[in-house]
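The block underneath contains the structure these notes are about, expressed in structure tokens.
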Amino acid sequence: MVRWMRTPRPAARPGVWRPGHVPKPPEDPSRLGDRELLGSALLALICGWTLYSLCLTYLDFYAWPAIWVTPQHWRVAPEHLPENATADDVLVAWQTTMQIYDILFALALICVFGRLGHGPEVWRRYAPAPMRRAWSAVASPFGWVATYRRQLLAVLIGGVIWMACFTGNWMLWLEPLFLVVPDTWWEDGDTLTYRVAYNIYYALFTLLLLVGVWSLGDLRAIPRRIRFGVRPGERRDPRAGAPGVTGTEIVPRAGLTEWAALRRAGAQGAADRLADDARSGAMSDLDYARIEHAWQAVRARPTELPAFAAAAEAQGAGAFPHASGHRDLTVRTARHDLLTRQVRIGHAPDEERNPYDYRGEDVALDPAVLGTSLLAVGPPGSGKTGRVIRPVTEALCLQALANQATVVAVGSASSSLGPDDAFDVILRVGDPASAYRLDLWGGATDIDGAAALLAEALVGGSRVEPRDAAAVLSQLIGPYYAAFGRLPGLAELRAMLDGAPALLRTLHERLDHAPDQRRDLEARRRQAQRPDDLGPHLADWLALVDRAGLSPHAAPGARGPEVFSLSALTRPLRVRIDLPARGHAEAGRIITRLILAQFTAAVTARPDRSLFACLVLDDATAAITRGTVRGLTQLRPANGGVVLALRTLDDVPADLRAGLLGAVGCRMAFSGVTTWDAEHFARAWGTEWREDVETTRTPDRAGGGLRRLVRGVRKLATGRDTTVDAVTVRRVERERWSASELAHRVPPRHAVISLTTVSGEPGPPTLVRLG
């Protein structure tokens, strides 16, 4: 838990998995190709090996640095040895020194020629991922070497210069002193003036050497790192109370386990309890996200601090629970990071078709991109439900338990959107045993608004104009509301559309106090006599929904199911709606359109938009209407979003396909899409400037007689003219992903995805391996 808290989460492009993410350096336009990279590496290896062999065999001057830093008597004749030293001792010392020096010299050659041959790039590009991870694990304890490599190099250079100057092997450092001091001062070597001048020069030279080492190695970074935890090259953010970072990186939350902000606010006991729970393992990532969310609310309203501190000190990690009392899901099928609210859905391969910033990165979804709505198109079996819809639903359920979101997931009973205990409300359409039933009006109290919502759902898949159907429904809903003080149920509305005389007569009698509503009822009665009246058609559609069991009836003497309205999305809720699996396909489409229309109306009408509200449709077939497309554009400022999964864009009316792709900010094209579906995505993703390479082959006519003779013999043998290639490189505007590439070059279990944040930052289309 503590390690999860301390994991850095730098800012990244939309959709990049941020925990542990390492920002890439700017893209190098002169990036070497594979052939050039491997060729330069092989050439550097050959040159380095050749130079090393020559130095050991012929080039004696390579050993000069070793001679400079070793005593002179190691290399003189035996008669010049100092006292208490034997020839064997000197020989062993010299051989040991040279062996160490040869090893250091070989390492230096490896570093130099490894750089010249682009060795690090070869390792990053071609080393298997397990080997890279193993090397990272081995090198991580020695990370301080990489962190302070500049300082270590400067100290090493300063130490070599010091040893060379003051062991009597390198006398060049005294030349400036000899130039400015008269010869009479140092000829005897033991005069007072000589000693004073020598010591002053010695101190100045030493000071100059220390200043050089200090400046070259930036040694002042070491105490700053020890005191503030700032690495060399970084700057500290004075507002954060924690180590700072460069401009594009978020401040690492290294002090979360101590709850320093809570301590500064005066809640010492609450901070101690939370810190103990975090270190002991009693706190989970969901507990922390929930408590952190409550703490952010307290920072906005400081008067709530005493209540927050009392609850945190008393309950610890279990404070501020969800209304269900659950502190986690029983099962997680995807990787989640509740601090950034991300769920990982796949990995972007490191290949040329992907943008540079996304190559080799994990791809994730969060409310920042789901707030622009997501459209996923792919044939059955391409992985929409298992690899996108289910992880997104699971992530939103976790965020709902953290009191940060509310979610409605709609699918068939076989969609497997999550276990039953992962939801607070489970509404099974057509199941008499369902504990809930859907409110036909979505909690609407406005007559015209309620009629418009129901009309959009009933006639959205036909050529009937929704406003005409809404006018018919309002002529019945308004009088019924005026007479009974409530909106009619499904069966009652169907009976009025069918022209049930008893119900209409009773309704007419109870409208003595509402002449305007009686006038609407009379107008409906007259219009019902027309052959093109919409009433019977609306009644037939309502009959389909009624037979599917949208409003189940309880057994005699039993308590009826509780009515659930989408207007309840003002609090953290986890809702799953199971549509009829088979036998009621058209009714399921009508119910889906009804839920989508009610969700849009409820979310945009919320007075408090702090909770992220999301509707997940596992099958949005025939759910897209003109009203739906308009509603999608209204969800972004209301902190809401919709996830739509389609088998093909043919399920959307032809005149709405371009509008739908423009209304959503996130688009996914799965492997196996048809070419005509891919054309819509290709147009939506637009074009970009690329380098186009054209190769032109022309007959070879150059050369003298011998060369022409060789070409003639070659033509007799092969039957083809000898040609030369002329390469032309130019910048042209090409589609980011062509329709043919989307339809035929996306591997199985892959998808091309583009994401846009609610702030308007777009992400380019990226090939992602799902899972």
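Numbering starts fresh at 1 for the residues of each chain in the structure tokens, the chains themselves are lettered A, B, ... in the order given, and ligands are numbered from 1 as they appear.
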
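Excluding Gly158 (chain A) itself and same-chain residues fewer than 3 positions from it, the residues having an atom within 7 Å of it are Ala154, Val155, Ile161, Trp162, Leu209 and Val213 of chain A, counting only C-alpha atoms.
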
Exercise for the section: May I have the residues within 12 Å of Ile46 (chain A) as a VMD selection string, using only C-alpha atoms and disregarding those fewer than 6 positions away in the same chain? Expected result: chain A and resid 39 to 40 52 to 53 109 to 110 113 to 114 116 to 117

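The shortest atom-to-atom distance to Thr648 (chain A), with only C-alpha atoms taken into account, belongs to A:Phe670 out of A:Tyr356, A:Trp689, A:Tyr126, A:Phe670.
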
Practice task
Would you mind listing what lies within 12 Å of Pro26 (chain A) as a PyMOL selection string, with only C-alpha atoms counted and same-chain residues fewer than 4 positions away left out?
Solution key: chain A and resi 30-31+356-357

I'd like the contact shell of region 697-702 of chain A - 12 Å cut-off, only C-alpha atoms, skipping same-chain residues fewer than 5 positions apart - returned as a PDB file with N, CA and C atoms, in the first residue's frame.
```pdb
ATOM      1  N   ARG A 707      31.487  -2.470 -69.691  1.00  0.00           N
ATOM      2  CA  ARG A 707      30.273  -2.499 -68.867  1.00  0.00           C
ATOM      3  C   ARG A 707      29.051  -2.828 -69.713  1.00  0.00           C
ATOM      4  N   ARG A 708      29.008  -2.295 -70.952  1.00  0.00           N
ATOM      5  CA  ARG A 708      27.878  -2.630 -71.823  1.00  0.00           C
ATOM      6  C   ARG A 708      27.912  -4.107 -72.191  1.00  0.00           C
ATOM      7  N   LEU A 709      29.129  -4.667 -72.386  1.00  0.00           N
ATOM      8  CA  LEU A 709      29.229  -6.091 -72.685  1.00  0.00           C
ATOM      9  C   LEU A 709      28.699  -6.935 -71.535  1.00  0.00           C
ATOM     10  N   VAL A 710      29.045  -6.541 -70.297  1.00  0.00           N
ATOM     11  CA  VAL A 710      28.556  -7.286 -69.133  1.00  0.00           C
ATOM     12  C   VAL A 710      27.042  -7.200 -69.041  1.00  0.00           C
ATOM     13  N   ARG A 711      26.465  -6.009 -69.310  1.00  0.00           N
ATOM     14  CA  ARG A 711      25.008  -5.886 -69.270  1.00  0.00           C
ATOM     15  C   ARG A 711      24.350  -6.737 -70.351  1.00  0.00           C
ATOM     16  N   GLY A 712      24.995  -6.810 -71.546  1.00  0.00           N
ATOM     17  CA  GLY A 712      24.430  -7.630 -72.601  1.00  0.00           C
ATOM     18  C   GLY A 712      24.416  -9.110 -72.239  1.00  0.00           C
ATOM     19  N   LYS A 715      21.700  -9.693 -69.756  1.00  0.00           N
ATOM     20  CA  LYS A 715      20.368  -9.701 -70.352  1.00  0.00           C
ATOM     21  C   LYS A 715      20.092 -11.004 -71.084  1.00  0.00           C
ATOM     22  N   ARG A 720      16.193  -9.773 -68.808  1.00  0.00           N
ATOM     23  CA  ARG A 720      15.745  -8.458 -68.320  1.00  0.00           C
ATOM     24  C   ARG A 720      16.871  -7.453 -68.450  1.00  0.00           C
ATOM     25  N   ASP A 721      16.460  -6.182 -68.693  1.00  0.00           N
ATOM     26  CA  ASP A 721      17.435  -5.102 -68.767  1.00  0.00           C
ATOM     27  C   ASP A 721      17.970  -4.774 -67.376  1.00  0.00           C
ATOM     28  N   THR A 722      19.217  -4.333 -67.344  1.00  0.00           N
ATOM     29  CA  THR A 722      19.808  -3.831 -66.103  1.00  0.00           C
ATOM     30  C   THR A 722      19.291  -2.423 -65.846  1.00  0.00           C
ATOM     31  N   THR A 723      18.785  -2.195 -64.622  1.00  0.00           N
ATOM     32  CA  THR A 723      18.181  -0.908 -64.293  1.00  0.00           C
ATOM     33  C   THR A 723      18.900  -0.275 -63.118  1.00  0.00           C
ATOM     34  N   VAL A 724      18.699   1.023 -62.989  1.00  0.00           N
ATOM     35  CA  VAL A 724      19.183   1.780 -61.829  1.00  0.00           C
ATOM     36  C   VAL A 724      17.974   2.394 -61.144  1.00  0.00           C
ATOM     37  N   ASP A 725      18.060   2.518 -59.818  1.00  0.00           N
ATOM     38  CA  ASP A 725      16.960   3.047 -59.017  1.00  0.00           C
ATOM     39  C   ASP A 725      17.195   4.516 -58.712  1.00  0.00           C
ATOM     40  N   ALA A 726      16.154   5.314 -58.936  1.00  0.00           N
ATOM     41  CA  ALA A 726      16.168   6.730 -58.569  1.00  0.00           C
ATOM     42  C   ALA A 726      15.120   6.937 -57.475  1.00  0.00           C
ATOM     43  N   VAL A 727      15.549   7.362 -56.284  1.00  0.00           N
ATOM     44  CA  VAL A 727      14.679   7.502 -55.123  1.00  0.00           C
ATOM     45  C   VAL A 727      14.312   8.972 -54.948  1.00  0.00           C
ATOM     46  N   THR A 728      13.006   9.245 -54.823  1.00  0.00           N
ATOM     47  CA  THR A 728      12.489  10.594 -54.608  1.00  0.00           C
ATOM     48  C   THR A 728      11.726  10.619 -53.290  1.00  0.00           C
TER      49      THR A 728
END
```

Exercise for the section: Check the DSSP output for the backbone and give back, as number ranges by chain, the residues of region 366-506 of chain A in alpha helix (DSSP H). Expected result: A: 367-370, 384, 390-401, 447-459, 466-484, 490-498, 501-506

Exercise for the section: Find the spatial neighbours of Leu305 (chain A), counting only C-alpha atoms, within a cut-off of 10 Å - ignore same-chain residues fewer than 3 positions away - and output them as an MDAnalysis selection string. Expected result: chainID A and resid 262 265:267 295 297:299 301:302 308:311

Output C-alpha atoms for every residue in the selection just made, as a PDB file, in the first residue's frame.
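Just written: out.pdb:
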```pdb
ATOM      1  CA  LEU A 262      -4.154  16.647   7.895  1.00  0.00           C
ATOM      2  CA  ALA A 265      -4.794  21.281   9.876  1.00  0.00           C
ATOM      3  CA  GLY A 266      -4.611  20.195  13.525  1.00  0.00           C
ATOM      4  CA  ALA A 267      -6.106  16.690  13.259  1.00  0.00           C
ATOM      5  CA  TRP A 295     -10.628  15.225   2.420  1.00  0.00           C
ATOM      6  CA  ALA A 297     -14.434  18.130   0.134  1.00  0.00           C
ATOM      7  CA  VAL A 298     -13.237  19.264   3.563  1.00  0.00           C
ATOM      8  CA  ARG A 299     -10.600  21.482   1.960  1.00  0.00           C
ATOM      9  CA  ARG A 301     -15.479  23.553   3.212  1.00  0.00           C
ATOM     10  CA  PRO A 302     -13.114  23.932   6.217  1.00  0.00           C
ATOM     11  CA  PHE A 308     -13.943  14.594   9.247  1.00  0.00           C
ATOM     12  CA  ALA A 309     -11.264  14.262  11.930  1.00  0.00           C
ATOM     13  CA  ALA A 310     -13.646  12.553  14.361  1.00  0.00           C
ATOM     14  CA  ALA A 311     -14.807  10.011  11.763  1.00  0.00           C
TER      15      ALA A 311
END
```

Completion exercise
Between CA of Phe61 (chain A) and CA of Leu42 (chain A) lies a distance of 26.6 Å

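CA of Val472 (chain A) to CA of Leu504 (chain A) spans 14.7 Å [interatomic distance, one decimal].
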
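Proximity of A:Ala602, A:Val377, A:Val369, A:Met496 to Cys666 (chain A), computed with only C-alpha atoms, is greatest for A:Val369.
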
Practice task
For region 400-417 of chain A, please output as a list in words all residues within 7 Å (counting only C-alpha atoms; exclusion window: fewer than 5 positions along the same chain).
Solution key: Leu286, Ala289, Arg290, His322, Arg327, Arg390, Thr393, Leu569, Arg571, Pro572, Leu573, Arg574, Val575, Arg576, Ile577, Asp578, Leu579, Pro580, Ala581, Leu611, Phe612, Ala613, Cys614, Leu615, Val616, Leu617, Asp618 and Asp619 of chain A

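Between CA of Met5 (chain A) and CA of Ser759 (chain A) there is a distance of 26.4 Å.
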
Quick one: residues within 12 Å of Pro747 (chain A), only C-alpha atoms, excluding same-chain residues fewer than 4 positions away - as a PDB file with N, CA and C atoms, in the first residue's frame?
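Now in part-v9.pdb:
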```pdb
ATOM      1  N   PRO A 349       1.794  -1.334 -29.129  1.00  0.00           N
ATOM      2  CA  PRO A 349       3.081  -1.904 -29.571  1.00  0.00           C
ATOM      3  C   PRO A 349       4.039  -0.822 -30.044  1.00  0.00           C
ATOM      4  N   SER A 382     -14.793  -9.697 -31.234  1.00  0.00           N
ATOM      5  CA  SER A 382     -13.589  -8.868 -31.371  1.00  0.00           C
ATOM      6  C   SER A 382     -13.059  -8.373 -30.038  1.00  0.00           C
ATOM      7  N   ALA A 669     -11.990   1.385 -33.255  1.00  0.00           N
ATOM      8  CA  ALA A 669     -12.299   0.488 -34.372  1.00  0.00           C
ATOM      9  C   ALA A 669     -11.581  -0.828 -34.108  1.00  0.00           C
ATOM     10  N   PHE A 670     -12.338  -1.886 -33.877  1.00  0.00           N
ATOM     11  CA  PHE A 670     -11.762  -3.179 -33.549  1.00  0.00           C
ATOM     12  C   PHE A 670     -11.383  -3.926 -34.824  1.00  0.00           C
ATOM     13  N   SER A 671     -10.591  -4.978 -34.639  1.00  0.00           N
ATOM     14  CA  SER A 671     -10.198  -5.794 -35.786  1.00  0.00           C
ATOM     15  C   SER A 671     -11.434  -6.468 -36.365  1.00  0.00           C
ATOM     16  N   GLY A 672     -11.458  -6.530 -37.686  1.00  0.00           N
ATOM     17  CA  GLY A 672     -12.579  -7.172 -38.362  1.00  0.00           C
ATOM     18  C   GLY A 672     -13.661  -6.229 -38.818  1.00  0.00           C
ATOM     19  N   VAL A 673     -13.496  -4.905 -38.651  1.00  0.00           N
ATOM     20  CA  VAL A 673     -14.519  -3.988 -39.139  1.00  0.00           C
ATOM     21  C   VAL A 673     -14.558  -4.035 -40.662  1.00  0.00           C
ATOM     22  N   GLU A 741      -6.304  -0.257 -44.356  1.00  0.00           N
ATOM     23  CA  GLU A 741      -5.493  -0.678 -43.207  1.00  0.00           C
ATOM     24  C   GLU A 741      -6.377  -1.055 -42.027  1.00  0.00           C
ATOM     25  N   LEU A 742      -7.403  -0.259 -41.764  1.00  0.00           N
ATOM     26  CA  LEU A 742      -8.289  -0.566 -40.636  1.00  0.00           C
ATOM     27  C   LEU A 742      -9.014  -1.893 -40.848  1.00  0.00           C
ATOM     28  N   ALA A 743      -9.390  -2.177 -42.089  1.00  0.00           N
ATOM     29  CA  ALA A 743     -10.177  -3.378 -42.362  1.00  0.00           C
ATOM     30  C   ALA A 743      -9.317  -4.627 -42.461  1.00  0.00           C
ATOM     31  N   ALA A 751      -7.169  -3.128 -31.531  1.00  0.00           N
ATOM     32  CA  ALA A 751      -8.092  -2.067 -31.922  1.00  0.00           C
ATOM     33  C   ALA A 751      -7.298  -0.793 -32.143  1.00  0.00           C
ATOM     34  N   VAL A 752      -7.832   0.079 -32.974  1.00  0.00           N
ATOM     35  CA  VAL A 752      -7.264   1.405 -33.172  1.00  0.00           C
ATOM     36  C   VAL A 752      -8.143   2.385 -32.399  1.00  0.00           C
ATOM     37  N   LEU A 767      -2.727   2.067 -32.420  1.00  0.00           N
ATOM     38  CA  LEU A 767      -2.994   0.630 -32.422  1.00  0.00           C
ATOM     39  C   LEU A 767      -2.710   0.079 -31.028  1.00  0.00           C
ATOM     40  N   VAL A 768      -3.685  -0.647 -30.454  1.00  0.00           N
ATOM     41  CA  VAL A 768      -3.590  -1.139 -29.087  1.00  0.00           C
ATOM     42  C   VAL A 768      -3.863  -2.637 -29.082  1.00  0.00           C
ATOM     43  N   ARG A 769      -3.000  -3.365 -28.403  1.00  0.00           N
ATOM     44  CA  ARG A 769      -3.249  -4.788 -28.151  1.00  0.00           C
ATOM     45  C   ARG A 769      -4.068  -4.889 -26.875  1.00  0.00           C
ATOM     46  N   LEU A 770      -5.303  -5.355 -26.981  1.00  0.00           N
ATOM     47  CA  LEU A 770      -6.241  -5.341 -25.871  1.00  0.00           C
ATOM     48  C   LEU A 770      -5.943  -6.475 -24.895  1.00  0.00           C
TER      49      LEU A 770
END
```

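For the residues A:Trp214, A:Leu656, A:Gly119, A:Arg341, ranking by smallest atom-to-atom distance to Ile157 (chain A) using only C-alpha atoms places A:Trp214 first.
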
Problem - Among listed residues A:Trp123, A:Tyr481, A:Phe564, A:Trp737, nearest Gly686 (chain A) (using only C-alpha atoms) - result: A:Trp737

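Across region 327-411 of chain A, DSSP run on the backbone finds strand (DSSP E) at His336, Asp337, Gln342, Val343, Arg344, Ile345, Gly346, His347, Asp362, Val363, Ala364, Leu365, Leu374, Leu375, Ala376, Val377, Ala405, Thr406, Val407, Val408, Ala409, Val410 and Gly411 of chain A.
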
Serialized selection, C-alpha atoms, as a PDB file, in the first residue's frame:
```
ATOM      1  CA  HIS A 336      -6.906  -0.155 -11.768  1.00  0.00           C
ATOM      2  CA  ASP A 337      -5.242   2.906 -10.314  1.00  0.00           C
ATOM      3  CA  GLN A 342      -7.562   4.876 -14.616  1.00  0.00           C
ATOM      4  CA  VAL A 343      -8.268   1.352 -15.832  1.00  0.00           C
ATOM      5  CA  ARG A 344      -5.763  -0.356 -18.122  1.00  0.00           C
ATOM      6  CA  ILE A 345      -7.249  -1.826 -21.313  1.00  0.00           C
ATOM      7  CA  GLY A 346      -4.175  -2.742 -23.374  1.00  0.00           C
ATOM      8  CA  HIS A 347      -0.694  -2.009 -24.645  1.00  0.00           C
ATOM      9  CA  ASP A 362       0.098   0.932 -21.644  1.00  0.00           C
ATOM     10  CA  VAL A 363      -3.252   2.459 -22.611  1.00  0.00           C
ATOM     11  CA  ALA A 364      -5.933   3.293 -20.033  1.00  0.00           C
ATOM     12  CA  LEU A 365      -9.316   4.982 -19.769  1.00  0.00           C
ATOM     13  CA  LEU A 374     -16.713   6.539 -26.259  1.00  0.00           C
ATOM     14  CA  LEU A 375     -17.864   4.744 -29.411  1.00  0.00           C
ATOM     15  CA  ALA A 376     -16.547   1.189 -29.908  1.00  0.00           C
ATOM     16  CA  VAL A 377     -17.301  -0.558 -33.216  1.00  0.00           C
ATOM     17  CA  ALA A 405     -18.955   8.385  -9.692  1.00  0.00           C
ATOM     18  CA  THR A 406     -22.312   6.878 -10.541  1.00  0.00           C
ATOM     19  CA  VAL A 407     -22.755   4.274 -13.270  1.00  0.00           C
ATOM     20  CA  VAL A 408     -25.578   2.590 -15.195  1.00  0.00           C
ATOM     21  CA  ALA A 409     -24.598  -0.527 -17.162  1.00  0.00           C
ATOM     22  CA  VAL A 410     -27.076  -1.882 -19.704  1.00  0.00           C
ATOM     23  CA  GLY A 411     -26.757  -5.250 -21.413  1.00  0.00           C
TER      24      GLY A 411
END
```
